[in-house]
Amino acid sequence: MIIKNKAVVSDDWTVLRLAENETAEAVFVPAGKIIVPLKVWQAQRAALQTRTDLGVWLNSDERPEVLQGEVEKFAVIAVNFPRFADGRGYSIAYNLRARLGYRGELRAIGDVLRDQLFYMQRVGFDAFAVRADKNIHDALKGLSDFSELYQTSWDQKLPLFRRVQRESVVE
Amino acid sequence: MYRYDKYDQQIVNERVAQYSDQVRRRLSGELAEDEFRPLRLQNGLYMQIHAYMLRVAVPYGLISSKQMRMFAHIARKYDRGYGHFTTRQNIQFNWLKLEDTPAILADLASVEMHGIQTSGNCIRNISSDEFAGVAADEIVDPRPYAEILRQWSTFHPEFAFLPRKFKIAITGAVTDRAAIQVHDIGLEVLKNAHGEIGFRVLVGGGLGRTPIIGSEIQDFLPWQHMMSYIEAIMRVYNQYGRRDNIYKARIKILVKALGAAEFKRQVDAEWTDIKDGPSTLTVEELRRVQQYFTAPAYEKFSGNDPTVDALKNENKAFANWLQRNVKPHKIPGYAAVVLSLKKTAIAPGDASDEQMDAAADLADRFSFGELRITHMQNLVLADVKQADLFTLWKIAAAQGMATPNIGLLSDIICCPGGDFCTLANARSIPLARAISERFESLDFQHDIGEIEINMSGCMNSCGHNHVGHIGVLGVDKQDGGEWYQISLGGDQGNKSAIGKVIGPSFTFQQVPEVIDRLLHVYVRERIEEEKLIDTVRRVGLTPFKEYVYATPVEPDAKLDDEAYGLLKDQNSVAASYAVPYFTPRF
């Protein structure tokens, strides 16, 4: 189960993670819906690029720019949060959307928890693979913690001061 | 001052609801302490040695009398009758229970206050000049820009989990009272030759274990681009700042590693995409915010109040207070008053609930209902009629807030230290007390003149030891004892400089004598009206070092007394830690 478009839905994608003894060049990528590590995509591009059911995931220390010009090949792009306090994934997501123009599903994977979902959806994530030991229905509530936003991000293109007529009450 | 509209209020109210639920989940065990820690920290809540500590944001140090009374109320109801004003112009409450914190934040929200982003690896509360709006040397009032940045940085989704904490300071005056050279980002609002307003942007300054003066990456950034440019800086830092070592994670390390020119190039590349976008500040929004910071209804006077001089000649104590604690004002007939929170034997920056209520009353009666908190840990009443000074002085004196020591030896900057903080190597508050007592004579202090002694209990330098004329730093030694390193020649403001360590460290009981020896050399070497820092600049460290280390420094046996010992508290219930509280962080 994942959260997608603000609802809990079943999910048939598999995330491929390399075991210690596996290499990006040699690992076998099974058929079916699979999200491969960026390194596997780069190593096996020739074999993988004809597949229509392929996703790719970036770790927090990898750069989204390396996917320049090819983001639309993927049905899913995922960003891994090794620890929820590693905030690089937020800028990666923002840049995938804003600078690389990716419009498909952008999924947060790894240490994905309720109290970070609000920020994650703001920078462009629309799918969340909540950590398996957490209650995903409870986590869903995290998407609606706030109803007003001051600043722009991917979800809100105008800052509050351009969106509404703000009061100016001076005593 | 700025007042919340319905949007500001709604955002803060929703934060209280969100946080209350997080506390509920922590208490029920749904959230592990490791998961809860960053959440509570982003609401300013720390675990300390005895209890939870809450840091409340005072945006750019400006506060209303109503808000000050709420602090007094919180001190009475949830704490032990006092609060501690900090070098970042905030207030901390030291003796709280986790269960009470949602109610405290709800109380704060009722007076337009919060603890949002006062801790954690995010953009912290923005600090500024305590004399903003009234200083005679002000070019541009920085407060509207500080408020606009407060809103922009509040819950910024992309920058809540940075490599490390991030502090922005802003000034708009000739004299820098906001220490912009030692902040992650320092902004100076200024006017160019055409009278247009913009910012000088410094980046990568800081104290801590690697003290560095910030590098200029913009000499004039037009005001409209303030938010988009800072967003570009943050995006570069968030992606490339080090995360492998907490001590190398601040932006200063990144700027140093890349070089300021390369860092600026990367920022400019990020900025190209967002420059002139929707985050560009509009004239309308700037005007809306500026109208909250217009001048109050001053009375018209032709010059200085004539009665003050007469009272000064009759009353030495009043004259001392005028000389030290009353600052010039740009409006004739007015003055800015500093209420000292540095009375001998009181922890620097501490104020009781009664003092907070009294300060609020003074603000209502004499200063248009507003106060400021200074980075020197005192309070300011910024708009006082000179004709009211004598009456105000008597009331402040009765409350213990008129010690005439602003800028003098006993106006010590000091962190909470080993009595409260889990990070500290050594105590600070009892040492500040020992120093204040040793040099208690005000005549002596006035003779020594302007001097800044800054003290921190550990490398994190919350007491700004690097930029003290005399810096005192609690250091970690293998023997587990308390040792203090003494530095000399630091300075803040326009002439910011990092002090140099004079030699091997000293014990708690030796430090007051070491200060005495430093002052002895100063008195011997000074010429005319020279301040200590100027003497140090002129003669260098050598004469000071030679004299301090010439003969063994006898420890002061009086300081073995229990009164200077570690704060012991039989009645306090230590915070329930899921991790040992002496682990490196928070």
# chains A, B, ... in the order shown; residues from 1 in each chain; ligands from 1
call {"tool": "interface_residues", "arguments": {"of": "chain A", "to": "chain B", "cutoff": "7 Å", "atoms": "only C-alpha atoms", "output": "list of chain:residue names"}}
result
A:Ala85, A:Asp86, A:Gly87, A:Arg88, A:Tyr90, A:Ser91, A:Tyr119, A:Arg122, A:Val123, A:Asp145, A:Phe146, A:Glu148, A:Tyr150, A:Gln151, A:Thr152, A:Leu158, A:Pro159, A:Phe161, A:Glu167, A:Ser168, A:Val170
call {"tool": "select_by_dssp", "arguments": {"residues": "range 70-147 of chain A", "states": "strand (DSSP E or B)", "output": "mmCIF file with C-alpha atoms, in the first residue's frame"}}
result
data_model
loop_
_atom_site.group_PDB
_atom_site.id
_atom_site.type_symbol
_atom_site.label_atom_id
_atom_site.label_comp_id
_atom_site.auth_asym_id
_atom_site.auth_seq_id
_atom_site.Cartn_x
_atom_site.Cartn_y
_atom_site.Cartn_z
ATOM 1 C CA VAL A 76 7.778 6.489 -11.718
ATOM 2 C CA ILE A 77 10.715 8.386 -10.283
ATOM 3 C CA ALA A 78 11.389 7.748 -6.601
ATOM 4 C CA VAL A 79 13.651 9.583 -4.164
ATOM 5 C CA ASN A 80 15.069 7.614 -1.266
ATOM 6 C CA PHE A 81 15.250 9.090 2.256
ATOM 7 C CA GLU A 105 4.585 10.072 -10.414
ATOM 8 C CA LEU A 106 7.206 11.260 -7.904
ATOM 9 C CA ARG A 107 7.424 8.871 -5.001
ATOM 10 C CA ALA A 108 9.129 9.212 -1.612
ATOM 11 C CA ILE A 109 10.659 5.945 -0.421
ATOM 12 C CA GLY A 110 12.780 4.921 2.577
ATOM 13 C CA ALA A 127 3.199 9.350 -3.845
ATOM 14 C CA PHE A 128 4.504 8.148 -0.493
#
call {"tool": "residues_around", "arguments": {"residues": "range 319-322 of chain B", "least_positions_apart": "3", "cutoff": "12 Å", "atoms": "only C-alpha atoms", "output": "PyMOL selection string"}}
result
chain B and resi 308-316+325-328+335-340+386+389-390+392-394+396-397+401-408+442-443+445-447
call {"tool": "write_last_selection", "arguments": {"atoms": "N, CA and C atoms", "output": "short mmCIF file (atom, residue, chain, number, x, y, z; two decimals), in the first residue's frame"}}
result
data_model
loop_
_atom_site.label_atom_id
_atom_site.label_comp_id
_atom_site.auth_asym_id
_atom_site.auth_seq_id
_atom_site.Cartn_x
_atom_site.Cartn_y
_atom_site.Cartn_z
N VAL B 308 16.72 67.05 33.18
CA VAL B 308 17.57 65.88 33.38
C VAL B 308 18.94 66.26 33.94
N ASP B 309 19.51 67.33 33.39
CA ASP B 309 20.84 67.77 33.84
C ASP B 309 20.86 68.13 35.31
N ALA B 310 19.80 68.83 35.74
CA ALA B 310 19.74 69.25 37.14
C ALA B 310 19.68 68.03 38.05
N LEU B 311 18.85 67.06 37.70
CA LEU B 311 18.72 65.84 38.51
C LEU B 311 20.03 65.06 38.52
N LYS B 312 20.69 65.08 37.40
CA LYS B 312 21.95 64.35 37.26
C LYS B 312 23.00 64.92 38.22
N ASN B 313 23.05 66.24 38.33
CA ASN B 313 24.04 66.87 39.20
C ASN B 313 23.77 66.59 40.67
N GLU B 314 22.50 66.37 41.00
CA GLU B 314 22.14 66.14 42.40
C GLU B 314 22.32 64.68 42.80
N ASN B 315 22.31 63.78 41.83
CA ASN B 315 22.17 62.37 42.17
C ASN B 315 23.19 61.52 41.38
N LYS B 316 24.23 61.08 42.08
CA LYS B 316 25.31 60.35 41.42
C LYS B 316 24.82 59.03 40.81
N ASN B 325 23.18 53.40 30.86
CA ASN B 325 21.99 52.65 30.46
C ASN B 325 21.02 53.43 29.57
N VAL B 326 21.33 54.70 29.30
CA VAL B 326 20.44 55.51 28.48
C VAL B 326 21.15 55.85 27.17
N LYS B 327 20.49 55.55 26.06
CA LYS B 327 21.13 55.70 24.75
C LYS B 327 20.43 56.80 23.94
N PRO B 328 21.19 57.44 23.02
CA PRO B 328 20.59 58.53 22.25
C PRO B 328 19.46 58.05 21.34
N ALA B 335 14.74 59.27 24.51
CA ALA B 335 15.92 58.45 24.74
C ALA B 335 15.51 56.98 24.70
N ALA B 336 16.48 56.11 24.49
CA ALA B 336 16.25 54.67 24.60
C ALA B 336 16.90 54.20 25.91
N VAL B 337 16.17 53.39 26.65
CA VAL B 337 16.64 52.97 27.97
C VAL B 337 16.91 51.46 27.96
N VAL B 338 18.07 51.09 28.48
CA VAL B 338 18.37 49.66 28.62
C VAL B 338 18.10 49.25 30.07
N LEU B 339 17.21 48.26 30.23
CA LEU B 339 16.97 47.69 31.56
C LEU B 339 17.97 46.55 31.73
N SER B 340 18.82 46.68 32.74
CA SER B 340 19.88 45.69 32.91
C SER B 340 19.35 44.41 33.56
N GLN B 386 12.57 62.00 27.69
CA GLN B 386 13.64 62.31 28.65
C GLN B 386 13.08 62.80 29.97
N LEU B 389 12.61 60.08 32.52
CA LEU B 389 13.73 59.18 32.85
C LEU B 389 13.91 58.97 34.35
N PHE B 390 13.78 60.04 35.11
CA PHE B 390 14.03 59.93 36.55
C PHE B 390 13.00 59.01 37.22
N LEU B 392 11.19 56.70 35.74
CA LEU B 392 11.41 55.34 35.23
C LEU B 392 12.58 54.69 35.98
N TRP B 393 13.64 55.45 36.16
CA TRP B 393 14.84 54.92 36.84
C TRP B 393 14.49 54.42 38.24
N LYS B 394 13.70 55.20 38.97
CA LYS B 394 13.36 54.80 40.35
C LYS B 394 12.57 53.49 40.37
N ALA B 396 12.53 51.16 37.96
CA ALA B 396 13.39 50.06 37.49
C ALA B 396 14.37 49.65 38.59
N ALA B 397 14.88 50.64 39.33
CA ALA B 397 15.83 50.33 40.41
C ALA B 397 15.16 49.47 41.48
N MET B 401 16.43 46.30 38.07
CA MET B 401 16.74 46.33 36.63
C MET B 401 17.43 47.63 36.23
N ALA B 402 18.08 48.30 37.20
CA ALA B 402 18.72 49.57 36.87
C ALA B 402 20.20 49.57 37.24
N THR B 403 20.81 48.40 37.33
CA THR B 403 22.25 48.36 37.58
C THR B 403 22.95 49.12 36.45
N PRO B 404 23.74 50.16 36.80
CA PRO B 404 24.31 51.01 35.73
C PRO B 404 25.54 50.38 35.12
N ASN B 405 25.37 49.25 34.47
CA ASN B 405 26.54 48.50 34.01
C ASN B 405 26.49 48.11 32.53
N ILE B 406 25.64 48.76 31.75
CA ILE B 406 25.55 48.36 30.34
C ILE B 406 26.88 48.65 29.63
N GLY B 407 27.41 47.64 29.02
CA GLY B 407 28.70 47.77 28.32
C GLY B 407 29.91 47.67 29.24
N LEU B 408 29.67 47.51 30.55
CA LEU B 408 30.80 47.41 31.49
C LEU B 408 31.11 45.95 31.81
N LEU B 442 31.34 49.54 41.38
CA LEU B 442 30.95 50.23 40.15
C LEU B 442 31.96 51.29 39.77
N ASP B 443 32.61 51.90 40.78
CA ASP B 443 33.64 52.89 40.46
C ASP B 443 34.76 52.23 39.66
N GLN B 445 34.45 49.50 37.86
CA GLN B 445 33.93 49.15 36.53
C GLN B 445 33.89 50.35 35.60
N HIS B 446 33.46 51.51 36.16
CA HIS B 446 33.42 52.71 35.33
C HIS B 446 34.82 53.13 34.92
N ASP B 447 35.80 52.91 35.82
CA ASP B 447 37.19 53.24 35.47
C ASP B 447 37.70 52.33 34.34
#
call {"tool": "select_by_dssp", "arguments": {"residues": "chain A", "states": "alpha helix (DSSP H)", "output": "PyMOL selection string"}}
result
chain A and resi 38-43+45-48+88-98+114-122+136-140+160-163
call {"tool": "residues_around", "arguments": {"residues": "Gly101 in chain A", "least_positions_apart": "4", "cutoff": "8 Å", "atoms": "only C-alpha atoms", "output": "PyMOL selection string"}}
result
chain A and resi 71+96-97
call {"tool": "write_last_selection", "arguments": {"atoms": "N, CA and C atoms", "output": "short mmCIF file (atom, residue, chain, number, x, y, z; two decimals), in the first residue's frame"}}
result
data_model
loop_
_atom_site.label_atom_id
_atom_site.label_comp_id
_atom_site.auth_asym_id
_atom_site.auth_seq_id
_atom_site.Cartn_x
_atom_site.Cartn_y
_atom_site.Cartn_z
N VAL A 71 13.71 12.21 -18.32
CA VAL A 71 12.79 11.91 -17.21
C VAL A 71 11.47 11.31 -17.69
N LEU A 96 13.65 18.09 -9.77
CA LEU A 96 13.06 17.19 -10.77
C LEU A 96 11.83 17.83 -11.40
N ARG A 97 11.04 18.46 -10.57
CA ARG A 97 9.83 19.11 -11.09
C ARG A 97 10.16 20.42 -11.80
#
call {"tool": "atom_distance", "arguments": {"atom1": "CA of Pro416 in chain B", "atom2": "CA of His520 in chain B"}}
result
28.7 Å
call {"tool": "residues_around", "arguments": {"residues": "Gly565 in chain B", "least_positions_apart": "4", "cutoff": "12 Å", "atoms": "only C-alpha atoms", "output": "list in words"}}
result
Gly418, Asp419, Ala426, Arg427, Ser428, Ile429, Pro430, Leu431, Arg433, Ala434, Glu482, Phe508, Gln509, Lys558, Leu559, Asp560, Asp561 and Asp569 of chain B
call {"tool": "residues_around", "arguments": {"residues": "range 59-69 of chain B", "least_positions_apart": "3", "cutoff": "6 Å", "atoms": "only C-alpha atoms", "output": "tab-separated table (two decimals) with N, CA and C atoms, in the first residue's frame"}}
result
chain	number	residue	atom	x	y	z
B	72	ALA	N	5.58	36.28	31.72
B	72	ALA	CA	5.50	36.26	33.19
B	72	ALA	C	4.51	35.18	33.64
B	89	GLN	N	18.06	36.93	21.20
B	89	GLN	CA	16.90	37.80	21.44
B	89	GLN	C	15.63	37.02	21.72
B	111	VAL	N	-1.30	35.26	22.07
B	111	VAL	CA	-0.69	36.60	21.98
B	111	VAL	C	0.27	36.69	20.79
B	126	ILE	N	14.90	35.09	13.07
B	126	ILE	CA	15.80	36.09	12.49
B	126	ILE	C	16.08	37.19	13.51
B	127	SER	N	17.35	37.53	13.67
B	127	SER	CA	17.68	38.53	14.68
B	127	SER	C	18.09	39.85	14.01
B	128	SER	N	17.99	40.92	14.80
B	128	SER	CA	18.23	42.24	14.22
B	128	SER	C	18.74	43.22	15.28
B	357	ASP	N	6.62	41.43	34.53
B	357	ASP	CA	5.40	42.26	34.65
B	357	ASP	C	5.76	43.73	34.81
B	360	ALA	N	6.84	45.21	31.58
B	360	ALA	CA	5.66	45.43	30.73
B	360	ALA	C	4.94	46.71	31.17
B	369	GLY	N	4.16	50.87	24.92
B	369	GLY	CA	3.77	49.47	25.06
B	369	GLY	C	4.66	48.45	24.37
B	370	GLU	N	5.89	48.87	24.00
B	370	GLU	CA	6.78	47.92	23.32
B	370	GLU	C	8.12	47.81	24.03
B	371	LEU	N	8.74	46.62	23.87
B	371	LEU	CA	10.09	46.40	24.40
B	371	LEU	C	10.91	45.67	23.36
B	372	ARG	N	12.22	45.69	23.56
B	372	ARG	CA	13.09	44.88	22.72
B	372	ARG	C	14.00	44.05	23.61
B	373	ILE	N	14.39	42.90	23.10
B	373	ILE	CA	15.34	42.05	23.81
B	373	ILE	C	16.66	42.15	23.06
call {"tool": "residues_around", "arguments": {"residues": "Ala24 in chain A", "least_positions_apart": "3", "cutoff": "10 Å", "atoms": "only C-alpha atoms", "output": "MDAnalysis selection string"}}
result
chainID A and resid 17:18 27:29 36:44
call {"tool": "write_last_selection", "arguments": {"atoms": "N, CA and C atoms", "output": "PDB file, in the first residue's frame"}}
result
ATOM      1  N   ARG A  17      16.629  -2.962  -4.770  1.00  0.00           N
ATOM      2  CA  ARG A  17      17.764  -2.422  -4.021  1.00  0.00           C
ATOM      3  C   ARG A  17      18.907  -3.411  -4.149  1.00  0.00           C
ATOM      4  N   LEU A  18      20.087  -2.924  -4.435  1.00  0.00           N
ATOM      5  CA  LEU A  18      21.228  -3.809  -4.627  1.00  0.00           C
ATOM      6  C   LEU A  18      21.668  -4.396  -3.299  1.00  0.00           C
ATOM      7  N   VAL A  27      23.476  -6.978 -11.990  1.00  0.00           N
ATOM      8  CA  VAL A  27      22.239  -7.388 -11.325  1.00  0.00           C
ATOM      9  C   VAL A  27      21.156  -7.671 -12.369  1.00  0.00           C
ATOM     10  N   PHE A  28      20.374  -8.703 -12.091  1.00  0.00           N
ATOM     11  CA  PHE A  28      19.289  -9.067 -12.997  1.00  0.00           C
ATOM     12  C   PHE A  28      18.051  -8.225 -12.686  1.00  0.00           C
ATOM     13  N   VAL A  29      17.526  -7.585 -13.714  1.00  0.00           N
ATOM     14  CA  VAL A  29      16.310  -6.793 -13.526  1.00  0.00           C
ATOM     15  C   VAL A  29      15.134  -7.612 -14.040  1.00  0.00           C
ATOM     16  N   VAL A  36      14.228   0.825 -10.492  1.00  0.00           N
ATOM     17  CA  VAL A  36      15.633   0.426 -10.350  1.00  0.00           C
ATOM     18  C   VAL A  36      16.474   1.587  -9.816  1.00  0.00           C
ATOM     19  N   PRO A  37      17.589   1.260  -9.157  1.00  0.00           N
ATOM     20  CA  PRO A  37      18.486   2.335  -8.718  1.00  0.00           C
ATOM     21  C   PRO A  37      19.036   3.100  -9.915  1.00  0.00           C
ATOM     22  N   LEU A  38      19.336   4.375  -9.710  1.00  0.00           N
ATOM     23  CA  LEU A  38      19.888   5.207 -10.778  1.00  0.00           C
ATOM     24  C   LEU A  38      21.105   4.548 -11.425  1.00  0.00           C
ATOM     25  N   LYS A  39      21.956   3.946 -10.611  1.00  0.00           N
ATOM     26  CA  LYS A  39      23.184   3.328 -11.136  1.00  0.00           C
ATOM     27  C   LYS A  39      22.860   2.159 -12.065  1.00  0.00           C
ATOM     28  N   VAL A  40      21.819   1.412 -11.761  1.00  0.00           N
ATOM     29  CA  VAL A  40      21.417   0.289 -12.615  1.00  0.00           C
ATOM     30  C   VAL A  40      20.912   0.822 -13.949  1.00  0.00           C
ATOM     31  N   TRP A  41      20.101   1.866 -13.889  1.00  0.00           N
ATOM     32  CA  TRP A  41      19.632   2.500 -15.128  1.00  0.00           C
ATOM     33  C   TRP A  41      20.818   2.946 -15.980  1.00  0.00           C
ATOM     34  N   GLN A  42      21.793   3.577 -15.343  1.00  0.00           N
ATOM     35  CA  GLN A  42      22.934   4.083 -16.107  1.00  0.00           C
ATOM     36  C   GLN A  42      23.772   2.937 -16.692  1.00  0.00           C
ATOM     37  N   ALA A  43      23.875   1.823 -15.931  1.00  0.00           N
ATOM     38  CA  ALA A  43      24.717   0.708 -16.373  1.00  0.00           C
ATOM     39  C   ALA A  43      24.025  -0.152 -17.426  1.00  0.00           C
ATOM     40  N   GLN A  44      22.684  -0.245 -17.335  1.00  0.00           N
ATOM     41  CA  GLN A  44      21.976  -1.179 -18.228  1.00  0.00           C
ATOM     42  C   GLN A  44      20.988  -0.446 -19.141  1.00  0.00           C
TER      43      GLN A  44
END
